[in-house]
Structures are given as C-alpha cells and as structure tokens.
>>> print(open('start_14.cif').read())   # mmCIF, C-alpha atoms
data_start
loop_
_atom_site.label_atom_id
_atom_site.label_comp_id
_atom_site.auth_asym_id
_atom_site.auth_seq_id
_atom_site.Cartn_x
_atom_site.Cartn_y
_atom_site.Cartn_z
CA MET A 1 -7.79 -71.61 70.06
CA PRO A 2 -8.59 -70.08 66.64
CA ALA A 3 -7.25 -72.01 63.68
CA GLY A 4 -3.87 -70.81 62.41
CA SER A 5 -3.09 -68.74 65.51
CA ALA A 6 0.23 -69.13 67.31
CA PRO A 7 0.21 -70.83 70.72
CA LEU A 8 0.57 -68.58 73.72
CA LEU A 9 3.70 -68.80 75.85
CA PRO A 10 2.92 -69.34 79.54
CA PRO A 11 4.07 -66.33 81.58
CA LEU A 12 5.90 -66.86 84.83
CA ALA A 13 5.92 -63.29 86.05
CA ALA A 14 5.31 -59.79 84.83
CA GLY A 15 6.16 -56.28 85.66
CA PRO A 16 8.29 -53.68 83.91
CA SER A 17 10.04 -56.65 82.26
CA SER A 18 8.27 -59.98 81.84
CA LEU A 19 9.88 -63.32 82.62
CA TRP A 20 9.05 -66.10 80.15
CA ARG A 21 9.64 -69.82 80.13
CA LEU A 22 10.62 -71.34 76.82
CA GLY A 23 10.82 -75.01 75.97
CA SER A 24 13.09 -76.23 73.22
CA GLY A 25 10.24 -75.93 70.71
CA TYR A 26 10.38 -72.15 70.81
CA LEU A 27 14.16 -71.93 70.65
CA ASN A 28 14.52 -72.40 66.90
CA SER A 29 11.80 -69.89 65.98
CA PHE A 30 13.25 -67.09 68.10
CA PRO A 31 15.08 -64.35 66.13
CA LYS A 32 18.86 -64.85 66.06
CA ASP A 33 19.77 -61.51 67.64
CA LYS A 34 21.26 -60.36 70.93
CA HIS A 35 18.21 -61.64 72.85
CA TYR A 36 18.71 -65.07 71.32
CA LYS A 37 22.29 -65.05 72.58
CA ALA A 38 21.09 -64.14 76.05
CA LEU A 39 18.59 -66.98 75.88
CA ASN A 40 21.18 -69.46 74.69
CA THR A 41 23.44 -68.79 77.68
CA ALA A 42 20.70 -68.60 80.31
CA VAL A 43 20.51 -70.90 83.32
CA HIS A 44 19.36 -74.38 82.34
CA GLN A 45 17.01 -76.20 84.69
CA GLU A 46 15.31 -79.58 84.52
CA GLY A 47 11.52 -79.52 84.28
CA PRO A 48 9.23 -81.90 86.18
CA ILE A 49 9.21 -84.34 83.28
CA GLY A 50 12.92 -84.08 82.57
CA LEU A 51 12.71 -81.61 79.68
CA GLY A 52 15.19 -78.74 79.58
CA GLU A 53 13.63 -75.33 80.15
CA HIS A 54 15.32 -71.96 79.67
CA TYR A 55 14.47 -68.78 81.53
CA PHE A 56 15.27 -65.34 80.22
CA GLN A 57 14.09 -61.79 80.58
CA GLN A 58 11.85 -60.35 77.92
CA PRO A 59 12.98 -56.74 77.30
CA GLU A 60 10.44 -54.07 78.15
CA GLY A 61 8.01 -53.38 75.36
CA MET A 62 9.06 -56.43 73.33
CA LEU A 63 6.56 -59.16 72.39
CA LEU A 64 7.66 -62.57 71.22
CA PRO A 65 6.20 -63.81 67.89
CA GLY A 66 2.65 -65.04 68.51
CA SER A 67 2.42 -63.68 72.06
CA ARG A 68 0.20 -61.02 73.62
CA PRO A 69 0.22 -59.01 76.85
CA THR A 70 -0.88 -60.93 79.94
CA PRO A 71 -2.01 -59.89 83.40
CA ALA A 72 0.70 -59.36 85.98
CA PRO A 73 0.99 -62.07 88.68
CA PRO A 74 2.34 -61.13 92.13
CA GLN A 75 5.70 -59.33 91.94
CA LYS A 76 7.09 -61.25 94.94
CA ALA A 77 7.49 -64.54 93.04
CA SER A 78 9.28 -62.74 90.22
CA CYS A 79 11.78 -61.15 92.61
CA ARG A 80 12.57 -64.49 94.26
CA LEU A 81 13.15 -66.14 90.90
CA TRP A 82 15.37 -63.33 89.63
CA ALA A 83 17.44 -63.45 92.83
CA ALA A 84 18.01 -67.17 92.36
CA MET A 85 18.95 -66.67 88.70
CA GLY A 86 21.40 -63.87 89.50
CA LYS A 87 23.15 -66.02 92.07
CA LEU A 88 23.54 -68.89 89.64
CA GLN A 89 24.70 -66.77 86.74
CA SER A 90 27.36 -65.07 88.83
CA LYS A 91 28.99 -68.39 89.71
CA LEU A 92 28.53 -70.49 86.58
CA ARG A 93 30.23 -70.18 83.23
CA HIS A 94 29.16 -72.32 80.28
CA SER A 95 31.60 -73.12 77.49
CA THR A 96 30.91 -75.31 74.46
CA TYR A 97 33.63 -75.86 71.88
CA LYS A 98 34.95 -78.26 69.28
CA TYR A 99 38.54 -79.30 68.77
CA SER A 100 40.50 -81.80 66.71
CA ARG A 101 42.25 -84.62 68.49
CA PRO A 102 45.62 -85.88 67.26
CA ASP A 103 43.88 -88.97 65.84
CA GLY A 104 41.72 -86.78 63.59
CA ILE A 105 38.47 -87.07 65.54
CA ILE A 106 36.62 -83.80 66.17
CA GLU A 107 35.18 -83.65 69.66
CA GLU A 108 32.68 -81.26 71.21
CA ARG A 109 32.82 -80.59 74.93
CA THR A 110 30.68 -78.51 77.23
CA GLN A 111 32.10 -77.20 80.49
CA THR A 112 30.27 -75.55 83.38
CA ASN A 113 32.75 -74.10 85.81
CA ALA A 114 32.42 -72.27 89.09
CA PHE A 115 34.79 -69.32 89.19
CA GLN A 116 35.48 -66.08 91.03
CA GLU A 117 35.49 -62.57 89.57
CA TYR A 118 38.20 -60.53 91.32
CA SER A 119 38.77 -56.80 91.01
CA PRO A 120 40.48 -56.19 87.64
CA ALA A 121 44.21 -55.62 87.47
CA HIS A 122 43.93 -53.36 84.40
CA VAL A 123 41.29 -51.16 82.81
CA ASP A 124 42.21 -52.15 79.26
CA THR A 125 43.78 -54.97 77.27
CA VAL A 126 46.45 -56.95 79.13
CA SER A 127 49.46 -57.50 76.89
CA VAL A 128 51.65 -59.64 79.13
CA VAL A 129 51.72 -61.47 82.46
CA ALA A 130 54.61 -63.10 84.34
CA ALA A 131 54.85 -64.90 87.69
CA LEU A 132 56.94 -63.13 90.32
CA ASN A 133 56.53 -65.92 92.92
CA SER A 134 53.94 -68.52 93.94
CA ASP A 135 51.50 -65.79 95.07
CA LEU A 136 52.22 -62.72 92.95
CA CYS A 137 52.23 -61.93 89.26
CA VAL A 138 53.20 -58.80 87.36
CA SER A 139 51.38 -57.66 84.25
CA GLY A 140 51.30 -54.80 81.79
CA GLY A 141 48.91 -53.54 79.17
CA LYS A 142 47.41 -50.75 77.14
CA ASP A 143 46.67 -48.68 80.24
CA LYS A 144 50.46 -47.99 80.43
CA THR A 145 50.72 -49.43 83.95
CA VAL A 146 52.60 -52.34 85.48
CA VAL A 147 50.62 -54.11 88.21
CA ALA A 148 51.77 -56.48 90.95
CA TYR A 149 48.80 -58.67 91.84
CA ASN A 150 48.17 -61.36 94.44
CA TRP A 151 46.24 -63.86 92.36
CA LYS A 152 45.45 -66.06 95.39
CA THR A 153 43.59 -63.31 97.25
CA GLY A 154 42.44 -61.21 94.30
CA ASN A 155 44.13 -58.00 95.48
CA VAL A 156 46.28 -55.42 93.74
CA VAL A 157 49.55 -55.16 95.67
CA LYS A 158 50.96 -52.13 93.87
CA ARG A 159 50.55 -50.17 90.62
CA PHE A 160 53.62 -48.78 88.88
CA LYS A 161 53.33 -45.82 86.52
CA GLY A 162 56.04 -44.32 84.35
CA HIS A 163 55.57 -45.49 80.77
CA GLU A 164 54.01 -43.12 78.28
CA ARG A 165 52.59 -45.82 76.02
CA GLU A 166 51.41 -49.43 76.15
CA VAL A 167 53.49 -51.95 78.10
CA THR A 168 54.51 -54.74 75.72
CA LYS A 169 56.64 -57.11 77.83
CA VAL A 170 57.59 -57.81 81.44
CA SER A 171 60.47 -59.92 82.72
CA CYS A 172 61.58 -60.98 86.17
CA VAL A 173 63.75 -63.46 87.98
CA HIS A 174 61.49 -65.86 89.88
CA LYS A 175 61.32 -65.19 93.64
CA SER A 176 62.95 -61.79 93.18
CA ASP A 177 61.50 -58.41 94.15
CA GLN A 178 62.77 -56.70 90.99
CA PHE A 179 61.23 -56.83 87.54
CA PHE A 180 61.44 -55.03 84.19
CA SER A 181 58.90 -53.70 81.72
CA ALA A 182 59.22 -52.77 78.04
CA SER A 183 56.96 -50.35 76.23
CA ARG A 184 55.92 -48.81 72.97
CA ASP A 185 57.51 -45.62 74.28
CA ARG A 186 60.88 -47.24 73.30
CA THR A 187 62.09 -47.58 76.89
CA VAL A 188 62.58 -50.31 79.48
CA MET A 189 62.08 -49.60 83.17
CA MET A 190 63.18 -51.44 86.31
CA TRP A 191 60.83 -51.65 89.30
CA ASP A 192 61.14 -52.77 92.92
CA LEU A 193 58.15 -54.46 94.53
CA HIS A 194 58.90 -53.00 97.97
CA GLY A 195 60.28 -49.69 96.77
CA SER A 196 58.79 -46.59 95.20
CA VAL A 197 56.06 -46.69 92.58
CA GLN A 198 58.55 -44.79 90.40
CA PRO A 199 61.08 -46.78 88.32
CA ARG A 200 64.47 -47.51 89.88
CA GLN A 201 66.23 -47.48 86.52
CA HIS A 202 65.59 -46.34 82.93
CA PHE A 203 67.04 -48.09 79.89
CA SER A 204 66.68 -45.96 76.78
CA GLY A 205 68.48 -46.75 73.52
CA HIS A 206 66.07 -48.24 70.98
CA ALA A 207 64.65 -46.29 68.05
CA MET A 208 61.33 -48.16 67.94
CA VAL A 209 58.94 -50.09 70.21
CA VAL A 210 60.70 -52.52 72.55
CA THR A 211 59.32 -56.00 71.91
CA GLY A 212 61.70 -58.18 73.91
CA VAL A 213 63.24 -58.04 77.37
CA ALA A 214 65.13 -60.76 79.24
CA VAL A 215 67.07 -60.58 82.50
CA SER A 216 70.02 -62.85 83.32
CA PRO A 217 69.54 -65.45 86.09
CA ASP A 218 71.78 -63.45 88.45
CA SER A 219 69.92 -60.18 87.61
CA SER A 220 73.17 -58.45 86.65
CA GLN A 221 72.47 -58.09 82.92
CA LEU A 222 69.47 -57.17 80.81
CA CYS A 223 68.97 -57.90 77.12
CA THR A 224 66.41 -55.90 75.14
CA GLY A 225 65.18 -56.21 71.56
CA SER A 226 63.13 -54.01 69.27
CA ARG A 227 61.47 -53.65 65.91
CA ASP A 228 64.49 -51.51 65.00
CA ASN A 229 66.32 -54.84 64.27
CA SER A 230 68.68 -54.45 67.22
CA LEU A 231 69.52 -56.14 70.50
CA LEU A 232 71.08 -54.20 73.37
CA LEU A 233 72.87 -55.64 76.41
CA TRP A 234 72.74 -53.56 79.59
CA ASP A 235 74.51 -53.48 82.94
CA VAL A 236 71.60 -53.48 85.39
CA GLY A 237 73.57 -51.80 88.18
CA THR A 238 74.71 -48.80 86.15
CA GLY A 239 71.95 -48.67 83.53
CA GLN A 240 74.60 -48.43 80.79
CA CYS A 241 74.47 -50.21 77.44
CA VAL A 242 77.55 -52.45 77.14
CA GLU A 243 76.87 -54.25 73.83
CA ARG A 244 74.83 -53.58 70.70
CA ALA A 245 74.06 -55.88 67.76
CA ALA A 246 71.80 -55.58 64.73
CA VAL A 247 70.69 -58.00 62.01
CA SER A 248 68.85 -56.83 58.90
CA ARG A 249 65.08 -57.57 58.99
CA ASN A 250 65.40 -58.96 62.50
CA LEU A 251 62.17 -57.53 63.91
CA VAL A 252 62.33 -58.95 67.43
CA THR A 253 59.13 -60.51 68.81
CA HIS A 254 60.43 -62.03 72.07
CA LEU A 255 63.55 -62.66 74.16
CA CYS A 256 64.25 -65.34 76.77
CA TRP A 257 67.40 -65.95 78.83
CA VAL A 258 68.44 -69.62 79.00
CA PRO A 259 68.73 -70.73 82.66
CA ARG A 260 72.28 -71.21 83.96
CA GLU A 261 73.73 -70.26 80.56
CA PRO A 262 75.13 -67.08 78.98
CA TYR A 263 72.69 -67.48 76.07
CA VAL A 264 69.62 -65.51 75.02
CA LEU A 265 66.89 -66.95 72.78
CA GLN A 266 65.20 -64.64 70.32
CA THR A 267 62.23 -64.96 67.94
CA SER A 268 61.65 -62.69 64.99
CA GLU A 269 59.21 -61.63 62.31
CA ASP A 270 61.73 -62.98 59.77
CA LYS A 271 60.51 -66.46 60.84
CA THR A 272 63.73 -67.45 62.59
CA ILE A 273 64.83 -68.37 66.11
CA ARG A 274 68.32 -67.20 67.07
CA LEU A 275 70.53 -68.15 69.99
CA TRP A 276 72.73 -65.24 71.09
CA ASP A 277 75.89 -65.50 73.21
CA SER A 278 75.75 -62.61 75.69
CA ARG A 279 79.57 -62.60 75.85
CA GLY A 280 80.03 -60.13 73.02
CA LEU A 281 76.40 -60.39 71.85
CA GLN A 282 77.06 -62.63 68.86
CA VAL A 283 74.72 -65.11 67.14
CA ALA A 284 75.78 -68.56 68.36
CA HIS A 285 73.20 -70.51 66.38
CA GLN A 286 70.25 -69.96 64.04
CA PHE A 287 67.56 -72.64 63.90
CA PRO A 288 66.00 -73.65 60.56
CA THR A 289 63.66 -70.97 59.22
CA LYS A 290 59.98 -71.68 59.82
CA GLN A 291 57.07 -71.01 57.45
CA HIS A 292 55.47 -68.34 59.65
CA ILE A 293 56.44 -65.49 61.98
CA GLN A 294 57.82 -66.76 65.28
CA THR A 295 55.92 -64.96 68.03
CA TYR A 296 57.36 -66.27 71.32
CA CYS A 297 59.98 -68.54 72.87
CA GLU A 298 60.78 -70.09 76.23
CA ALA A 299 63.62 -72.25 77.53
CA SER A 300 63.14 -75.27 79.78
CA GLU A 301 64.25 -75.00 83.40
CA ASP A 302 67.22 -77.31 82.83
CA GLY A 303 68.30 -75.30 79.77
CA HIS A 304 68.27 -78.34 77.50
CA MET A 305 65.27 -77.44 75.31
CA CYS A 306 63.29 -74.48 74.08
CA ILE A 307 59.85 -74.03 72.60
CA SER A 308 58.73 -71.46 70.04
CA CYS A 309 55.35 -70.68 68.51
CA SER A 310 54.09 -69.45 65.17
CA SER A 311 51.61 -67.02 63.72
CA GLY A 312 48.93 -68.30 61.36
CA PHE A 313 45.26 -68.43 60.49
CA GLY A 314 42.69 -71.13 59.78
CA GLY A 315 45.02 -73.84 61.06
CA GLU A 316 47.87 -72.90 58.69
CA GLY A 317 50.93 -72.30 60.85
CA CYS A 318 49.47 -71.87 64.34
CA GLU A 319 51.84 -74.45 65.82
CA ALA A 320 54.40 -74.63 68.60
CA THR A 321 57.78 -76.29 68.07
CA LEU A 322 60.13 -77.99 70.54
CA TRP A 323 63.86 -77.60 69.85
CA ASP A 324 67.02 -79.15 71.28
CA LEU A 325 69.40 -76.53 72.73
CA ARG A 326 72.28 -78.95 73.12
CA GLN A 327 74.77 -80.11 70.46
CA THR A 328 72.37 -81.41 67.80
CA ARG A 329 69.94 -78.46 68.11
CA ASN A 330 67.34 -80.30 66.04
CA ARG A 331 63.57 -79.98 66.04
CA ILE A 332 62.14 -82.53 68.47
CA CYS A 333 58.34 -82.21 68.20
CA GLU A 334 55.52 -80.01 66.90
CA TYR A 335 52.17 -79.25 68.52
CA LYS A 336 49.39 -78.63 66.00
CA GLY A 337 45.74 -77.99 66.79
CA HIS A 338 45.20 -74.24 67.18
CA PHE A 339 43.35 -72.34 64.46
CA GLN A 340 44.91 -68.90 64.85
CA THR A 341 48.25 -67.39 65.91
CA VAL A 342 49.84 -69.06 68.93
CA ALA A 343 50.95 -66.15 71.11
CA SER A 344 52.58 -67.91 74.06
CA CYS A 345 53.99 -71.26 75.17
CA VAL A 346 55.35 -72.52 78.49
CA PHE A 347 56.91 -75.62 80.02
CA LEU A 348 54.76 -76.88 82.88
CA PRO A 349 56.22 -78.18 86.18
CA ARG A 350 57.16 -81.85 86.10
CA ALA A 351 55.18 -82.43 89.31
CA LEU A 352 51.96 -81.54 87.47
CA ALA A 353 51.69 -84.74 85.41
CA LEU A 354 53.17 -88.20 85.04
CA MET A 355 54.71 -87.14 81.74
CA PRO A 356 56.44 -83.88 80.70
CA VAL A 357 53.88 -81.37 79.39
CA VAL A 358 53.76 -77.95 77.75
CA ALA A 359 50.94 -75.42 77.40
CA THR A 360 50.06 -72.97 74.62
CA SER A 361 47.65 -70.05 74.32
CA SER A 362 46.32 -68.66 71.07
CA HIS A 363 44.34 -65.91 69.43
CA ASP A 364 41.61 -68.54 68.92
CA CYS A 365 40.69 -68.12 72.65
CA ARG A 366 41.98 -71.59 73.52
CA VAL A 367 44.57 -72.86 75.96
CA LYS A 368 45.93 -76.34 75.27
CA ILE A 369 48.09 -78.76 77.25
CA TRP A 370 50.26 -81.15 75.25
CA ASN A 371 52.37 -84.22 75.91
CA ARG A 372 55.81 -82.71 75.39
CA ASP A 373 57.34 -85.80 73.80
CA THR A 374 54.52 -87.15 71.60
CA GLY A 375 52.68 -83.94 70.62
CA ALA A 376 49.32 -85.36 71.74
CA CYS A 377 46.81 -82.78 72.98
CA LEU A 378 45.83 -83.72 76.54
CA SER A 379 43.37 -80.92 77.37
CA THR A 380 41.70 -77.92 75.73
CA LEU A 381 39.99 -74.99 77.43
CA SER A 382 38.03 -72.40 75.46
CA LEU A 383 37.83 -68.98 77.12
CA ASP A 384 34.85 -67.71 75.19
CA GLY A 385 34.46 -63.94 74.99
CA SER A 386 38.05 -63.27 76.07
CA GLY A 387 39.29 -62.17 72.66
CA PRO A 388 42.82 -63.15 71.58
CA LEU A 389 44.90 -64.67 74.39
CA THR A 390 48.08 -62.63 74.62
CA SER A 391 50.32 -64.21 77.27
CA LEU A 392 50.70 -67.32 79.43
CA ALA A 393 52.66 -67.87 82.65
CA VAL A 394 53.07 -70.64 85.24
CA GLY A 395 51.66 -69.56 88.64
CA ASP A 396 52.48 -72.63 90.72
CA THR A 397 52.51 -76.41 90.29
CA ARG A 398 48.77 -76.45 89.46
CA SER A 399 47.97 -72.96 88.20
CA LEU A 400 48.37 -71.00 84.98
CA LEU A 401 47.90 -67.28 84.40
CA CYS A 402 46.54 -66.28 81.00
CA ALA A 403 46.28 -62.67 79.79
CA SER A 404 43.57 -61.78 77.28
CA PHE A 405 42.55 -58.96 75.00
CA SER A 406 39.03 -58.44 76.37
CA ARG A 407 38.69 -59.99 79.84
CA GLY A 408 41.87 -59.25 81.77
CA ILE A 409 43.80 -62.13 83.31
CA HIS A 410 42.40 -65.65 83.77
CA LEU A 411 43.47 -67.95 86.58
CA LEU A 412 43.43 -71.54 85.32
CA ARG A 413 43.71 -74.73 87.33
CA VAL A 414 44.99 -78.10 86.15
CA ASP A 415 43.08 -80.99 87.76
CA HIS A 416 43.96 -84.67 87.76
CA GLY A 417 41.29 -87.16 86.80
CA PRO A 418 41.26 -89.87 84.16
CA GLY A 419 43.43 -87.32 82.32
CA LEU A 420 44.35 -83.67 82.75
CA GLU A 421 41.46 -81.22 82.97
CA LEU A 422 42.05 -77.50 82.53
CA ARG A 423 39.44 -75.13 83.99
CA GLU A 424 39.02 -71.44 84.77
CA VAL A 425 38.71 -70.67 88.47
CA ALA A 426 39.02 -66.86 88.54
CA ALA A 427 39.37 -63.77 86.39
CA PHE A 428 40.91 -60.43 87.22
#
>>> encode(input="start_14.cif", output="structure tokens")
Amino acid sequence: MPAGSAPLLPPLAAGPSSLWRLGSGYLNSFPKDKHYKALNTAVHQEGPIGLGEHYFQQPEGMLLPGSRPTPAPPQKASCRLWAAMGKLQSKLRHSTYKYSRPDGIIEERTQTNAFQEYSPAHVDTVSVVAALNSDLCVSGGKDKTVVAYNWKTGNVVKRFKGHEREVTKVSCVHKSDQFFSASRDRTVMMWDLHGSVQPRQHFSGHAMVVTGVAVSPDSSQLCTGSRDNSLLLWDVGTGQCVERAAVSRNLVTHLCWVPREPYVLQTSEDKTIRLWDSRGLQVAHQFPTKQHIQTYCEASEDGHMCISCSSGFGGEGCEATLWDLRQTRNRICEYKGHFQTVASCVFLPRALALMPVVATSSHDCRVKIWNRDTGACLSTLSLDGSGPLTSLAVGDTRSLLCASFSRGIHLLRVDHGPGLELREVAAF
C-alpha cells in the first residue's frame, strides 16, 4: 500500500448500492450526517473474533473517505443479506438514554425491544387517548377524527367524523359504549360505539377552544372547560347547559371527575388546581399555587387522592404532584426527574406492583413509573423519535397507552423482574 494512503474498506456486495462492513475504527471518522445516523442505528452483529461490526447501505454514487470503486461480487449474496437485515430491523428497536435516579446517580441504559407496527389510528399528531375497556381505546388528534381502536388486535373499530378542527380531549366512563370529544372548533360531541358515525349529541356554548371535558360516573352530567375562563355543566340527556361559572385568568388545561363524588378537578394556566362542586358549580377548594402551569390532573379510583403535573424546561418545573383530596388536602409527594413539560399522569392498578405506583409522560419523550408514596423512580422508557408525548392512559393491569406527536399511539407493557421494566410492544 502506498505510504500515506487510506486503507481500503472491504466490500461485502455491490450493485446499484454497495453494502459495506465497518469496524469501530471507521465509525469516528465517518461524517456526522444522516448517513452516520443510519449507521449508528444499524443492526449490530458479533464478528468471528467478538468485535462488533456494523452493516449499512452506501448510497448510490457516494464514496467513503479513502475508498474507491470495487468490482461487483455476485448479486445473490447481497440479496440474502439485505433480506436478513430487513427482517431484523422491522422487529428490533434500539433505545439508549440517560436519566437521573433519585439518589443523584446518572444512569445510561440501552434497550432492544421486539415490537409490532399496527396500522395507524390517525394520519397526524395524536392529541389524546383514553381507554374505553380492556380491549378498546378512543383517541383524537389533528386529523379532526375520533377513532375507536382495538389495541390487542391492531384494528380500527370505527372512525367518527364531525369536528371541524383538531380534537383536544376525549372522555368516557370505563366499560361504557358512549364517549365525548372536545375540539378547537369550540364544541363537544357525544358518540356511541355501536351507533352511527355521526355524533349523538352536540354541546356548544364556549367562546374559545375546549380544553377540558369530564363525564360524571353515572354518565348523566358533563362538565366542560375552555380557554375562555369558563366551566359549563351539561345535562347529557337533553344537551342543555344547566350551570355556568367563570374565574378570571382561569385558562382551563384539563378536567377530571372524582369517582363516586360530585366533585370535578380542574388544572389551569394560572398555575392552580381547583376542586369544583358540581352542585351549583362552585369552587369547593383551591390547592396552593404551583410555580408552573398545571397541565393535567387525575383522581385515584377510590377518590382519596389526585395527581397533577407541571410545565417546564431543562428540569425546572417538569414535576408531578400528589395531593390529598380528603380533609387536610395537603401535598403528599412530588415526582421529579423529567426534563421538559409533563403532559400526563395516571394512577396504575394496584395489582401491577407490590407497592402503589403512578406513571407520567413528558415532552422529553420519556415515560416514567414512580413509587407513589416515596417518589422514587422505578422505571424509565425513552420513546426516541416520537416527539413530545401528549397523553397517557391505562389499558389493562399490565398495559399503558401513550399518544405522541410524531409516531401515533404506543402500546407499553409493564414487566415484573428484579424491579419494574417498561417496554414498548406495539405502535399504531
């Protein structure tokens, strides 16, 4: 080899696009562009002497630094290798991420998960997802549709169209066939799973985008909230507004009906959490003002506690907070570890773990499971490439549904091992 010349890379196959094998020595010298990203996520295989080797496709007409055209070996070997690679890449997802443990130690974990790509529920960003029963979920998004989806089989059950703008919220009573959707078109619509694809009922009374909707446990009343600072209480049977209340600067971000109680929880851009009494629609209690916008809230199944979450950036704010809904109504615990706005939080079924746990999803693409009582982070899953995570819902005793900005809805599974492991098993 002439002095000063770059070593040649051994070709594996050639044709319209050449297939190259790179050892780790070439990895650092390769330009940090889109081809580098493709290389960095390629299938990793062990070489005959135990060294990691990466395979990737060299784009047509492109020569790597120090390389030169080489004769084309038989095309058959190339086809076999590409077929094997395609099969692996369709079933494996690699995820490497760092996160801070409660004891201050920063850990890095790499996950390789097998998962299934189902037909997508929506053609655009999914804003919200909620569980209808142990098989079906309902979701809404920027495509203006509400979709009932069987997340166990990967099939769309029915699409509902009627909104003129993005769907912002959905609400349903678990194991019921009826559900409600709110929209930027300032309306709320009621749908029936086994009825027409047209809405059964319209609720129109807000002056701005509807950002909160909650249905009473007996499905007789509906509470809606908006950026117009108002809450409206509706009779579901007649579609008539029976109560109206407004608080200055109360830009509603979410509503949640407390199980077995006449109370509605509400979060706001004014950084407060309010508890409304539906009997007259009066504020029954206001929790201490937080430092950041409160984006979401949920009540526990027994109605004794609620959890809210905060906006933020760079680790400032970005927390979830557990509150007592009983007489003291004090803050019980905080969950800190996300790096951007926490968009959703849920109580997980008690059968899932030996201790009570909650889950959060954030704009930082991470879903976390926490010990409800101590605030310790038990598991972190990074959904790389999903964009901000917009909504989280409990599917069954082991499954979570997570809506995202860029990749639809993720089906997550909680596994028991030495601890709790959260992994992605499907996307739709």
>>> residues_around(input="start_14.cif", residues="A:Val346", least_positions_apart="6", cutoff="12 Å", atoms="all atoms listed in the file", output="PyMOL selection string")
chain A and resi 130-131+256+296-301+305-309+320-322+356-361+367-370+372+391-395+400-402
>>> residues_around(input="start_14.cif", residues="A:Asn250", least_positions_apart="2", cutoff="9 Å", atoms="all atoms listed in the file", output="count of residues only")
14
>>> resolve_selection(input="start_14.cif", expression="the PyMOL selection byres ((chain A and resi 255) around 8)", output="list in words")
Gly212, Val213, Ala214, Cys223, Thr224, Gly225, Val252, Thr253, His254, Cys256, Trp257, Val264, Leu265, Gln266, Thr267, Tyr296 and Cys297 of chain A
>>> closest_residue(input="start_14.cif", among="A:Ser219, A:Gln198, A:Asn150, A:Thr295", to="A:Thr341", atoms="all atoms listed in the file")
A:Thr295
>>> atom_distance(input="start_14.cif", atom1="atom CA of A:Glu424", atom2="atom CA of A:Lys158")
24.5 Å
>>> resolve_selection(input="start_14.cif", expression="the PyMOL selection byres ((chain A and resi 136) around 12)", output="ChimeraX atom specification")
/A:129-135,137-139,147-158,172,174-177,193,393-396,401
>>> resolve_selection(input="start_14.cif", expression="the PyMOL selection byres ((chain A and resi 205) around 12)", output="count of residues only")
30
>>> atom_distance(input="start_14.cif", atom1="atom CA of A:Pro120", atom2="atom CA of A:Cys365")
19.2 Å
>>> atom_distance(input="start_14.cif", atom1="atom CA of A:Phe179", atom2="atom CA of A:Ser404")
21.0 Å
>>> axis_aligned_box(input="start_14.cif", around="stretch 332-350 of chain A", padding_each_side="3 Å", output="lines of an AutoDock Vina configuration file")
center_x = 52.7
center_y = -74.3
center_z = 75.3
size_x = 24.8
size_y = 22.4
size_z = 27.7
>>> residues_around(input="start_14.cif", residues="A:Ile409", least_positions_apart="2", cutoff="6 Å", atoms="all atoms listed in the file", output="ChimeraX atom specification")
/A:402-403,427-428
>>> closest_residue(input="start_14.cif", among="A:Thr168, A:Ser379, A:Gln282, A:Thr390", to="A:Arg407", atoms="only C-alpha atoms")
A:Thr390
>>> residues_near_point(input="start_14.cif", point="(51.7, -47.9, 77.1)", cutoff="10 Å", atoms="only C-alpha atoms", output="number ranges by chain")
A: 127, 140-146, 161-168, 182-186
>>> residues_near_point(input="start_14.cif", point="(59.6, -79.6, 87.7)", cutoff="10 Å", atoms="all atoms listed in the file", output="PyMOL selection string")
chain A and resi 300-302+347-353+356+397
